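Colleague: Here you go, this is my_file.txt (compact mmCIF, C-alpha atoms).
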# COMPACT_ATOMS: atom_id res chain seq x y z
CA MET A 754 -1.50 9.89 -10.03
CA GLU A 755 -1.39 6.11 -10.13
CA HIS A 756 1.84 4.40 -9.06
CA HIS A 757 2.84 0.96 -10.33
CA LYS A 758 5.31 -1.67 -9.09
CA PRO A 759 8.03 -1.49 -8.04
CA PHE A 760 7.08 0.94 -5.26
CA GLU A 761 9.78 2.96 -3.51
CA LEU A 762 9.76 2.80 0.28
CA ASN A 763 9.81 6.58 0.67
CA TYR A 764 6.63 6.80 -1.49
CA ILE A 765 4.91 4.08 0.57
CA GLU A 766 5.77 5.94 3.79
CA THR A 767 4.00 9.07 2.47
CA LEU A 768 0.73 7.10 2.25
CA ILE A 769 0.27 6.84 6.03
CA GLY A 770 -2.83 8.79 7.04
CA LYS A 771 -4.07 9.15 3.46
CA LYS A 772 -7.00 7.65 1.59
CA VAL A 773 -5.89 5.47 -1.32
CA LEU A 774 -7.33 3.38 -4.11
CA ILE A 775 -5.45 0.08 -4.31
CA THR A 776 -5.72 -2.22 -7.30
CA PHE A 777 -4.71 -5.75 -6.42
CA SER A 778 -2.85 -8.09 -8.74
CA ASP A 779 -6.12 -9.92 -9.49
CA GLY A 780 -7.82 -6.66 -10.60
CA GLU A 781 -9.93 -6.11 -7.47
CA LYS A 782 -10.02 -2.49 -6.26
CA VAL A 783 -10.32 -1.22 -2.69
CA GLU A 784 -10.63 2.31 -1.34
CA SER A 785 -9.27 2.68 2.18
CA ASN A 786 -7.26 4.76 4.62
CA VAL A 787 -3.67 3.74 5.30
CA LYS A 788 -3.29 3.37 9.06
CA GLU A 789 0.34 2.25 9.28
CA MET A 790 3.17 0.56 7.45
CA THR A 791 5.38 -2.35 8.46
CA LEU A 792 8.88 -2.06 7.03
CA PRO A 793 10.45 -5.04 5.25
CA TRP A 794 13.09 -5.66 7.92
CA ASN A 795 10.31 -5.91 10.55
CA ASN A 796 8.37 -8.53 8.57
CA PRO A 797 9.29 -12.23 8.55
CA ASP A 798 8.94 -12.41 4.73
CA ASP A 799 11.11 -9.30 4.11
CA LYS A 800 8.26 -7.41 2.42
CA TRP A 801 6.58 -4.20 3.50
CA SER A 802 2.88 -4.25 4.32
CA LEU A 803 0.16 -1.65 4.79
CA MET A 804 -2.48 -1.74 7.51
CA LEU A 805 -5.67 -0.40 5.98
CA ASP A 806 -9.00 0.34 7.68
CA GLU A 807 -10.09 -3.28 7.88
CA PHE A 808 -7.17 -5.50 6.84
CA GLU A 809 -3.45 -5.72 6.11
CA VAL A 810 -2.03 -6.04 2.60
CA ASP A 811 1.47 -7.17 1.56
CA GLU A 812 3.45 -5.51 -1.22
CA ASP A 813 3.25 -8.51 -3.54
CA GLU A 814 -0.58 -8.33 -3.56
CA ILE A 815 -0.67 -4.75 -4.91
CA ALA A 816 -0.55 -3.80 -8.61
CA THR A 817 -1.21 -0.03 -8.31
CA ILE A 818 -1.77 2.63 -5.66
CA GLN A 819 -3.46 5.97 -6.17
CA ILE A 820 -3.90 8.69 -3.54
CA ILE A 821 -7.49 9.94 -3.43
CA ASN A 822 -7.90 13.67 -2.90
CA THR A 823 -10.48 14.27 -0.20
What does the file become when written as structure tokens?

Modeller:
Amino acid sequence: MEHHKPFELNYIETLIGKKVLITFSDGEKVESNVKEMTLPWNNPDDKWSLMLDEFEVDEDEIATIQIINT
């Protein structure tokens, strides 16, 4: 199931360790594993972020998230 903004923190926390398909605000799509999450109060810009396999993405860059069944 695809989730759209606004994302709830408890949903984002369930993504750790899972493979997801992220659609960015510009329409680009990336398939990746979620390695960890940085909570908003631990980020200087007060936004949560996800560390994926190869890069980090902030909440404002993401349009949709879908868990991929593997």

Colleague: Please check which residues have atoms at most 10 Å from (-3.9, -12.0, -10.2) in the file's coordinates, counting only C-alpha atoms, and write them as a count of residues only.

Modeller: 8

Colleague: Show which residues sit within 6 Å of Lys771 of chain A, as a ChimeraX atom specification. Count all atoms listed in the file, and ignore same-chain residues fewer than 2 positions away.

Modeller: /A:768-769,786-787

Colleague: Might you pull out every residue within 9 Å of Ile765 of chain A, with all atoms listed in the file counted and same-chain residues fewer than 4 positions away left off, and present them as a list in words?

Modeller: Phe760, Glu761, Ile769, Met790, Trp801 and Leu803 of chain A

Colleague: A:Lys772, A:Lys800, A:Lys782, A:His756: which is nearest Thr817 of chain A, counting all atoms listed in the file?

Modeller: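 Of the candidates, the smallest distance to Thr817 of chain A is held by A:His756.
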
Colleague: From the list A:Ser785, A:Asn796, A:Ser802, A:Thr776, which residue is nearest Glu755 of chain A when using all atoms listed in the file?

Modeller: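 Checking each candidate against Glu755 of chain A, we get A:Thr776 as the closest.
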
Colleague: Take atom CA of Val773 of chain A and atom CA of Pro793 of chain A and report the distance between them in Å, one decimal.

Modeller: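 Taking atom CA of Val773 of chain A and atom CA of Pro793 of chain A, their separation equals 20.5 Å.
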